[in-house]
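I have placed the structure first, in the form of structure tokens, so that the comments after it can refer back to it.
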Amino acid sequence: MTAQHVPTLRHPEKAHRTSAAGPAKPDWIRVRAPSGEGFTRTEALVRDAGLTTVCQEASCPNMGECWSQGHATMMIMGDTCTRGCTFCNVATGRPDALDPFEPGRVAKAVAQLGLRHVVITSVDRDDLEDGGAAHFAHTIRAIRHSNPNTTIEILTPDFLKCDPAVVDAVVDARPDVFNHNLETVPGLYPQVRPGARYYHSLRLLDRVRQRDPSIFTKSGLMVGLGEDRQSVHQVMDDLRAAGVDFLTIGQYLQPTPKHHPVVRYVTPDDFAALKAAAMGKGFQMVAASPLTRSSYHADADFLKLKALRSETKAGLGQKGVSTQ
């Protein structure tokens, strides 16, 4: 599939956008092509199980590394999103009906991969009355039943067009980590995330914390879209006001020329400064680097989060940790 065909086949809403070329990629943003026995095994398992992964659909630059270790982020509720965010490479259109057998297939794949920690995400499903909240809950319970020792992290849509109470069903299924990404600063929402609302996303994260404080909350930002440092710091403050535990910050990469352009490539030194600022604002954990993504190293990061919470309860006073 070539870049010029992507907007027509996957993104009809972007087909008539003016193509925009960003700056040349710097050396620090380059990754190796996927290969190896572990990668091939994961690829075959995902294919044979009829599963969708955000690794593939969103063109994640870390797919080769993660799949070679048997880690894949499952994407439920189909591969077609009802939104048209200008940063995202997931296909846009009218989704198929939900597959009631999908939660069981996901649970089986988790067992076959031998995962200690699994990340489940989804497309936006504005066509569903509950936005797919019940399907998330069913998937969490199916994994718990088949894999009682596996911890579960979910990366959810915003459930914007639903009754706010629908998220309670997801929280009550007791995932270990509830992640919802703000993605960018509020001033860029009209261009980057036009179907979403910044303060609604903040309220969603706060509602999760209020309903079950034992669940870790997490959110992520992309940089390089045209934001300024002050606006990023304001998002950090807003997330801390919502009680979010873990923040990820990574470089935006343009999937095709029809997507939002990369305004700049943020340097590793600038990422280190953002990480230091976020730690100073009180996050328990911060991951910030050019290739950081929401699910990157999620298993190891969850163990660190658990250890931090245990130390805090024990009165050891450790404030937080930064991570790659």
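Letters for chains follow the order of the structure tokens (A, B, ...), residue numbers begin at 1 for each chain, and ligand numbers begin at 1 in the order shown.
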
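Close contacts of Phe283 in chain A, defined as residues with an atom at most 6 Å away when counting only C-alpha atoms, with chain neighbours fewer than 2 positions off set aside, comprise Asp245, Phe246, Met279 and Met285 of chain A.
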
With all heavy atoms retained, export the selected residues as a compact mmCIF listing (two decimals), in the first residue's frame.
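Saved file selection.txt follows:
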```
# COMPACT_ATOMS: atom_id res chain seq x y z
N ASP A 245 -1.63 9.47 37.23
CA ASP A 245 -0.39 8.95 37.81
C ASP A 245 0.79 8.95 36.85
O ASP A 245 1.92 9.20 37.24
CB ASP A 245 -0.61 7.49 38.26
CG ASP A 245 -1.72 7.35 39.29
OD1 ASP A 245 -1.61 7.98 40.35
OD2 ASP A 245 -2.70 6.61 39.02
N PHE A 246 0.53 8.64 35.58
CA PHE A 246 1.60 8.31 34.64
C PHE A 246 1.39 9.09 33.36
O PHE A 246 0.31 9.07 32.76
CB PHE A 246 1.57 6.80 34.38
CG PHE A 246 2.70 6.25 33.54
CD1 PHE A 246 3.76 7.03 33.12
CD2 PHE A 246 2.70 4.91 33.18
CE1 PHE A 246 4.79 6.51 32.35
CE2 PHE A 246 3.72 4.37 32.42
CZ PHE A 246 4.77 5.17 32.00
N MET A 279 8.06 15.48 36.14
CA MET A 279 8.38 14.90 37.45
C MET A 279 8.24 15.94 38.55
O MET A 279 7.75 15.66 39.65
CB MET A 279 9.78 14.32 37.44
CG MET A 279 9.97 13.11 36.54
SD MET A 279 8.87 11.72 36.93
CE MET A 279 9.37 11.39 38.62
N MET A 285 5.09 8.60 37.53
CA MET A 285 6.00 8.13 36.49
C MET A 285 5.86 8.99 35.26
O MET A 285 4.77 9.47 34.94
CB MET A 285 5.74 6.66 36.12
CG MET A 285 6.27 5.66 37.10
SD MET A 285 6.15 3.97 36.47
CE MET A 285 7.24 4.04 35.07
```

DSSP alpha helix (DSSP H) selection over range 203-286 of chain A, as number ranges by chain = A: 203-211, 229-241, 268-280

Mind checking which residues fall within 9 Å of range 259-269 of chain A, counting only C-alpha atoms, ignoring those fewer than 5 positions away in the same chain, and posting them as a PyMOL selection string?
-> chain A and resi 7+14+17+19-26+28-29+85-89+191-192+223-227+250-254+274+288-290

Quick one: everything within 8 Å of Ala133 in chain A, counting only C-alpha atoms, minus sequence neighbours fewer than 3 positions away in the same chain. Send it as a ChimeraX atom specification.
-> /A:130,136-137,159,166-167,169-170

Could you take the residues named above and write them with N, CA, C and O atoms, as a PDB file, in the first residue's frame?
```
ATOM      1  N   ASP A 130     -23.235   3.028  23.880  1.00  0.00           N
ATOM      2  CA  ASP A 130     -22.313   3.150  25.019  1.00  0.00           C
ATOM      3  C   ASP A 130     -20.867   3.342  24.581  1.00  0.00           C
ATOM      4  O   ASP A 130     -19.949   3.254  25.399  1.00  0.00           O
ATOM      5  N   PHE A 136     -15.544  -3.381  26.186  1.00  0.00           N
ATOM      6  CA  PHE A 136     -14.310  -3.290  26.964  1.00  0.00           C
ATOM      7  C   PHE A 136     -14.425  -4.127  28.231  1.00  0.00           C
ATOM      8  O   PHE A 136     -13.514  -4.898  28.574  1.00  0.00           O
ATOM      9  N   ALA A 137     -15.544  -3.969  28.946  1.00  0.00           N
ATOM     10  CA  ALA A 137     -15.734  -4.702  30.200  1.00  0.00           C
ATOM     11  C   ALA A 137     -15.729  -6.205  29.963  1.00  0.00           C
ATOM     12  O   ALA A 137     -15.115  -6.972  30.732  1.00  0.00           O
ATOM     13  N   PHE A 159     -15.572   8.243  24.821  1.00  0.00           N
ATOM     14  CA  PHE A 159     -17.000   8.022  25.084  1.00  0.00           C
ATOM     15  C   PHE A 159     -17.758   9.357  25.077  1.00  0.00           C
ATOM     16  O   PHE A 159     -18.679   9.570  25.879  1.00  0.00           O
ATOM     17  N   VAL A 166     -21.364   5.632  31.380  1.00  0.00           N
ATOM     18  CA  VAL A 166     -21.017   4.376  30.714  1.00  0.00           C
ATOM     19  C   VAL A 166     -19.609   3.930  31.092  1.00  0.00           C
ATOM     20  O   VAL A 166     -19.313   2.728  31.124  1.00  0.00           O
ATOM     21  N   VAL A 167     -18.733   4.888  31.391  1.00  0.00           N
ATOM     22  CA  VAL A 167     -17.354   4.519  31.742  1.00  0.00           C
ATOM     23  C   VAL A 167     -17.296   3.740  33.047  1.00  0.00           C
ATOM     24  O   VAL A 167     -16.339   2.992  33.290  1.00  0.00           O
ATOM     25  N   ALA A 169     -18.925   1.167  33.884  1.00  0.00           N
ATOM     26  CA  ALA A 169     -18.913  -0.275  33.611  1.00  0.00           C
ATOM     27  C   ALA A 169     -17.498  -0.758  33.323  1.00  0.00           C
ATOM     28  O   ALA A 169     -17.115  -1.866  33.710  1.00  0.00           O
ATOM     29  N   VAL A 170     -16.710   0.077  32.654  1.00  0.00           N
ATOM     30  CA  VAL A 170     -15.321  -0.275  32.355  1.00  0.00           C
ATOM     31  C   VAL A 170     -14.499  -0.281  33.640  1.00  0.00           C
ATOM     32  O   VAL A 170     -13.725  -1.204  33.907  1.00  0.00           O
TER      33      VAL A 170
END
```

All residues 9 Å or closer to range 194-202 of chain A, only C-alpha atoms, same chain fewer than 5 positions away omitted, as a PyMOL selection string | chain A and resi 83-86+157-160+180-182+184-186+188-189+207+238-239+242

Could you write those residues out with all heavy atoms, as a short mmCIF file (atom, residue, chain, number, x, y, z; two decimals), in the first residue's frame?
```cif
data_model
loop_
_atom_site.label_atom_id
_atom_site.label_comp_id
_atom_site.auth_asym_id
_atom_site.auth_seq_id
_atom_site.Cartn_x
_atom_site.Cartn_y
_atom_site.Cartn_z
N ARG A 83 -14.03 8.44 13.85
CA ARG A 83 -13.45 9.79 13.90
C ARG A 83 -12.47 9.98 12.74
O ARG A 83 -12.08 9.01 12.08
CB ARG A 83 -12.70 10.01 15.22
CG ARG A 83 -13.55 9.81 16.46
CD ARG A 83 -14.30 11.04 16.88
NE ARG A 83 -15.13 10.75 18.05
CZ ARG A 83 -14.75 10.95 19.30
NH1 ARG A 83 -13.54 11.44 19.56
NH2 ARG A 83 -15.57 10.68 20.30
N GLY A 84 -12.03 11.22 12.56
CA GLY A 84 -11.08 11.53 11.48
C GLY A 84 -9.94 12.39 11.99
O GLY A 84 -9.61 13.40 11.37
N CYS A 85 -9.33 11.99 13.11
CA CYS A 85 -8.22 12.77 13.66
C CYS A 85 -7.10 12.89 12.62
O CYS A 85 -6.76 11.90 11.95
CB CYS A 85 -7.69 12.11 14.93
SG CYS A 85 -8.89 12.03 16.27
N THR A 86 -6.52 14.06 12.52
CA THR A 86 -5.56 14.30 11.44
C THR A 86 -4.19 13.72 11.70
O THR A 86 -3.34 13.73 10.81
CB THR A 86 -5.42 15.81 11.17
OG1 THR A 86 -4.90 16.46 12.34
CG2 THR A 86 -6.75 16.43 10.80
N PRO A 157 -11.19 5.06 24.18
CA PRO A 157 -11.65 6.31 23.56
C PRO A 157 -12.28 7.20 24.62
O PRO A 157 -12.31 6.85 25.81
CB PRO A 157 -12.68 5.82 22.53
CG PRO A 157 -13.16 4.51 23.05
CD PRO A 157 -12.00 3.90 23.78
N ASP A 158 -12.86 8.32 24.20
CA ASP A 158 -13.36 9.29 25.19
C ASP A 158 -14.83 9.11 25.54
O ASP A 158 -15.33 9.77 26.46
CB ASP A 158 -13.11 10.73 24.72
CG ASP A 158 -13.75 11.03 23.36
OD1 ASP A 158 -14.62 10.27 22.90
OD2 ASP A 158 -13.36 12.05 22.75
N PHE A 159 -15.57 8.24 24.82
CA PHE A 159 -17.00 8.02 25.08
C PHE A 159 -17.76 9.36 25.08
O PHE A 159 -18.68 9.57 25.88
CB PHE A 159 -17.21 7.28 26.41
CG PHE A 159 -16.44 6.00 26.53
CD1 PHE A 159 -15.38 5.89 27.41
CD2 PHE A 159 -16.76 4.89 25.75
CE1 PHE A 159 -14.65 4.71 27.52
CE2 PHE A 159 -16.05 3.70 25.86
CZ PHE A 159 -14.99 3.62 26.74
N LEU A 160 -17.39 10.24 24.16
CA LEU A 160 -17.88 11.61 24.16
C LEU A 160 -19.39 11.70 23.97
O LEU A 160 -20.06 12.54 24.59
CB LEU A 160 -17.17 12.42 23.07
CG LEU A 160 -17.60 13.87 22.86
CD1 LEU A 160 -17.31 14.70 24.11
CD2 LEU A 160 -16.91 14.47 21.64
N HIS A 180 -6.16 7.02 28.96
CA HIS A 180 -6.87 7.77 27.91
C HIS A 180 -5.98 8.93 27.52
O HIS A 180 -5.62 9.76 28.37
CB HIS A 180 -8.22 8.27 28.39
CG HIS A 180 -8.89 9.19 27.41
ND1 HIS A 180 -9.30 8.74 26.16
CD2 HIS A 180 -9.18 10.52 27.45
CE1 HIS A 180 -9.82 9.76 25.49
NE2 HIS A 180 -9.76 10.84 26.25
N ASN A 181 -5.60 9.01 26.27
CA ASN A 181 -4.63 10.00 25.82
C ASN A 181 -5.29 11.33 25.47
O ASN A 181 -6.25 11.38 24.70
CB ASN A 181 -3.87 9.49 24.60
CG ASN A 181 -2.87 8.41 24.94
OD1 ASN A 181 -2.41 8.32 26.08
ND2 ASN A 181 -2.54 7.58 23.97
N LEU A 182 -4.72 12.42 26.00
CA LEU A 182 -5.14 13.76 25.57
C LEU A 182 -4.57 14.09 24.19
O LEU A 182 -5.12 14.92 23.47
CB LEU A 182 -4.68 14.81 26.57
CG LEU A 182 -5.32 14.77 27.96
CD1 LEU A 182 -4.91 15.98 28.77
CD2 LEU A 182 -6.84 14.71 27.87
N THR A 184 -2.75 16.02 22.47
CA THR A 184 -2.11 17.29 22.17
C THR A 184 -2.66 18.38 23.08
O THR A 184 -3.52 18.12 23.94
CB THR A 184 -2.31 17.66 20.68
OG1 THR A 184 -1.51 18.80 20.36
CG2 THR A 184 -3.77 17.96 20.39
N VAL A 185 -2.19 19.59 22.91
CA VAL A 185 -2.62 20.72 23.73
C VAL A 185 -3.99 21.21 23.26
O VAL A 185 -4.36 21.00 22.09
CB VAL A 185 -1.58 21.85 23.69
CG1 VAL A 185 -0.22 21.35 24.16
CG2 VAL A 185 -1.46 22.44 22.28
N PRO A 186 -4.76 21.84 24.14
CA PRO A 186 -6.14 22.21 23.75
C PRO A 186 -6.23 23.12 22.54
O PRO A 186 -7.17 23.02 21.75
CB PRO A 186 -6.69 22.88 25.02
CG PRO A 186 -5.53 23.18 25.89
CD PRO A 186 -4.48 22.17 25.54
N LEU A 188 -4.69 23.04 19.84
CA LEU A 188 -4.55 22.31 18.57
C LEU A 188 -5.67 21.30 18.33
O LEU A 188 -5.68 20.65 17.28
CB LEU A 188 -3.20 21.59 18.53
CG LEU A 188 -1.96 22.48 18.37
CD1 LEU A 188 -0.68 21.65 18.41
CD2 LEU A 188 -2.03 23.29 17.09
N TYR A 189 -6.60 21.16 19.27
CA TYR A 189 -7.68 20.19 19.08
C TYR A 189 -8.47 20.41 17.78
O TYR A 189 -8.80 19.44 17.09
CB TYR A 189 -8.61 20.18 20.29
CG TYR A 189 -8.29 19.11 21.30
CD1 TYR A 189 -6.99 19.00 21.82
CD2 TYR A 189 -9.24 18.20 21.72
CE1 TYR A 189 -6.68 18.01 22.73
CE2 TYR A 189 -8.92 17.20 22.65
CZ TYR A 189 -7.65 17.11 23.15
OH TYR A 189 -7.33 16.13 24.05
N ARG A 207 -13.03 11.05 36.52
CA ARG A 207 -14.13 10.17 36.94
C ARG A 207 -13.61 8.78 37.29
O ARG A 207 -14.05 8.16 38.26
CB ARG A 207 -15.17 10.08 35.82
CG ARG A 207 -16.42 9.29 36.24
CD ARG A 207 -17.45 9.19 35.14
NE ARG A 207 -18.65 8.52 35.60
CZ ARG A 207 -19.81 9.12 35.86
NH1 ARG A 207 -19.94 10.43 35.68
NH2 ARG A 207 -20.86 8.41 36.30
N ASP A 238 -3.02 20.29 34.22
CA ASP A 238 -4.41 19.82 34.14
C ASP A 238 -4.50 18.33 34.46
O ASP A 238 -5.43 17.88 35.15
CB ASP A 238 -4.98 20.10 32.75
CG ASP A 238 -5.17 21.58 32.47
OD1 ASP A 238 -5.18 22.37 33.43
OD2 ASP A 238 -5.30 21.94 31.27
N LEU A 239 -3.56 17.56 33.95
CA LEU A 239 -3.56 16.12 34.23
C LEU A 239 -3.29 15.83 35.70
O LEU A 239 -3.89 14.93 36.29
CB LEU A 239 -2.52 15.41 33.36
CG LEU A 239 -2.88 15.27 31.88
CD1 LEU A 239 -1.68 14.79 31.08
CD2 LEU A 239 -4.06 14.31 31.70
N ALA A 242 -6.33 16.31 37.65
CA ALA A 242 -7.23 15.16 37.50
C ALA A 242 -6.70 13.92 38.19
O ALA A 242 -7.33 12.86 38.12
CB ALA A 242 -7.47 14.88 36.02
#
```

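All residues in range 138-311 of chain A with a DSSP state of strand (DSSP E), computed from the backbone, read Thr151, Ile152, Glu153, Ile154, Leu155, Val177, Phe178, Asn179, Phe216, Thr217, Lys218, Ser219, Gly220, Leu221, Met222, Val223, Phe246, Leu247, Thr248, Ile249, Gly250, Gln251, Met285, Val286, Ala287 and Ala288 of chain A.
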
Contacts of Leu98 in chain A at 10 Å or less, counting only C-alpha atoms, minus same-chain residues fewer than 5 places along, as a list in words?
-> Ile76, Met77, Gly78, Arg125, Leu128, Gly132 and His135 of chain A

How would the residues just picked look written out with N, CA, C and O atoms as a PDB file, in the first residue's frame?
```
ATOM      1  N   ILE A  76      -9.535  -3.673  19.890  1.00  0.00           N
ATOM      2  CA  ILE A  76     -10.839  -4.326  19.822  1.00  0.00           C
ATOM      3  C   ILE A  76     -11.857  -3.440  19.102  1.00  0.00           C
ATOM      4  O   ILE A  76     -11.602  -2.279  18.817  1.00  0.00           O
ATOM      5  N   MET A  77     -12.998  -4.045  18.783  1.00  0.00           N
ATOM      6  CA  MET A  77     -14.139  -3.369  18.158  1.00  0.00           C
ATOM      7  C   MET A  77     -13.889  -3.000  16.700  1.00  0.00           C
ATOM      8  O   MET A  77     -14.447  -2.033  16.180  1.00  0.00           O
ATOM      9  N   GLY A  78     -13.007  -3.747  16.050  1.00  0.00           N
ATOM     10  CA  GLY A  78     -12.789  -3.551  14.631  1.00  0.00           C
ATOM     11  C   GLY A  78     -11.592  -2.692  14.302  1.00  0.00           C
ATOM     12  O   GLY A  78     -10.863  -2.242  15.189  1.00  0.00           O
ATOM     13  N   ARG A 125     -15.963   4.399  18.669  1.00  0.00           N
ATOM     14  CA  ARG A 125     -17.202   3.831  18.150  1.00  0.00           C
ATOM     15  C   ARG A 125     -18.375   4.734  18.524  1.00  0.00           C
ATOM     16  O   ARG A 125     -19.201   4.412  19.372  1.00  0.00           O
ATOM     17  N   LEU A 128     -22.113   3.473  18.537  1.00  0.00           N
ATOM     18  CA  LEU A 128     -22.680   2.629  19.585  1.00  0.00           C
ATOM     19  C   LEU A 128     -23.206   3.488  20.732  1.00  0.00           C
ATOM     20  O   LEU A 128     -22.592   4.488  21.104  1.00  0.00           O
ATOM     21  N   GLY A 132     -19.012   1.425  23.159  1.00  0.00           N
ATOM     22  CA  GLY A 132     -18.236   0.192  23.292  1.00  0.00           C
ATOM     23  C   GLY A 132     -17.774  -0.087  24.709  1.00  0.00           C
ATOM     24  O   GLY A 132     -16.961  -0.992  24.933  1.00  0.00           O
ATOM     25  N   HIS A 135     -18.284  -3.671  25.792  1.00  0.00           N
ATOM     26  CA  HIS A 135     -17.367  -4.587  25.108  1.00  0.00           C
ATOM     27  C   HIS A 135     -15.998  -4.563  25.773  1.00  0.00           C
ATOM     28  O   HIS A 135     -15.344  -5.605  25.913  1.00  0.00           O
TER      29      HIS A 135
END
```

Any idea what the distance is between CA of Ser295 in chain A and CA of Glu13 in chain A?
-> 27.3 Å

Could you state the separation of CA of His117 in chain A and CA of Leu155 in chain A in Å, given to one decimal place?
-> 13.3 Å

Each range 157-263 of chain A residue no farther than 10 Å from range 147-151 of chain A, nearest pair in Å, only C-alpha atoms, as CSV:
```
residue,atom,partner,partner_atom,distance
A:Pro175,CA,A:Thr151,CA,7.6
A:Asp176,CA,A:Thr151,CA,6.1
A:Val177,CA,A:Thr151,CA,8.5
```

Only all heavy atoms, please: the residues just picked out, written as a short mmCIF file (atom, residue, chain, number, x, y, z; two decimals), in the first residue's frame.
```cif
data_model
loop_
_atom_site.label_atom_id
_atom_site.label_comp_id
_atom_site.auth_asym_id
_atom_site.auth_seq_id
_atom_site.Cartn_x
_atom_site.Cartn_y
_atom_site.Cartn_z
N PRO A 175 -9.76 -2.96 35.46
CA PRO A 175 -8.44 -3.01 34.82
C PRO A 175 -7.40 -2.51 35.81
O PRO A 175 -7.72 -1.78 36.76
CB PRO A 175 -8.59 -2.06 33.64
CG PRO A 175 -9.62 -1.06 34.09
CD PRO A 175 -10.59 -1.87 34.93
N ASP A 176 -6.16 -2.88 35.61
CA ASP A 176 -5.10 -2.42 36.51
C ASP A 176 -4.65 -1.00 36.17
O ASP A 176 -4.25 -0.24 37.05
CB ASP A 176 -3.90 -3.37 36.43
CG ASP A 176 -4.28 -4.76 36.92
OD1 ASP A 176 -4.32 -4.97 38.14
OD2 ASP A 176 -4.55 -5.63 36.06
N VAL A 177 -4.70 -0.65 34.88
CA VAL A 177 -4.33 0.69 34.42
C VAL A 177 -5.41 1.17 33.45
O VAL A 177 -5.80 0.45 32.54
CB VAL A 177 -2.97 0.70 33.70
CG1 VAL A 177 -2.60 2.12 33.26
CG2 VAL A 177 -1.88 0.12 34.58
#
```

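Atom pair CA of Val110 in chain A / CA of Asp172 in chain A has a distance of 21.1 Å (rounded to one decimal).
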
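Distances here use only C-alpha atoms; by that measure, the residue among A:Glu153, A:Asp96, A:Asp48, A:Glu129 closest to Ala298 in chain A is A:Glu153.
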
With only C-alpha atoms as the atoms that count, which of A:Val171, A:His11, A:Ser214, A:Arg30 lies nearest to Arg309 in chain A?
-> A:Ser214
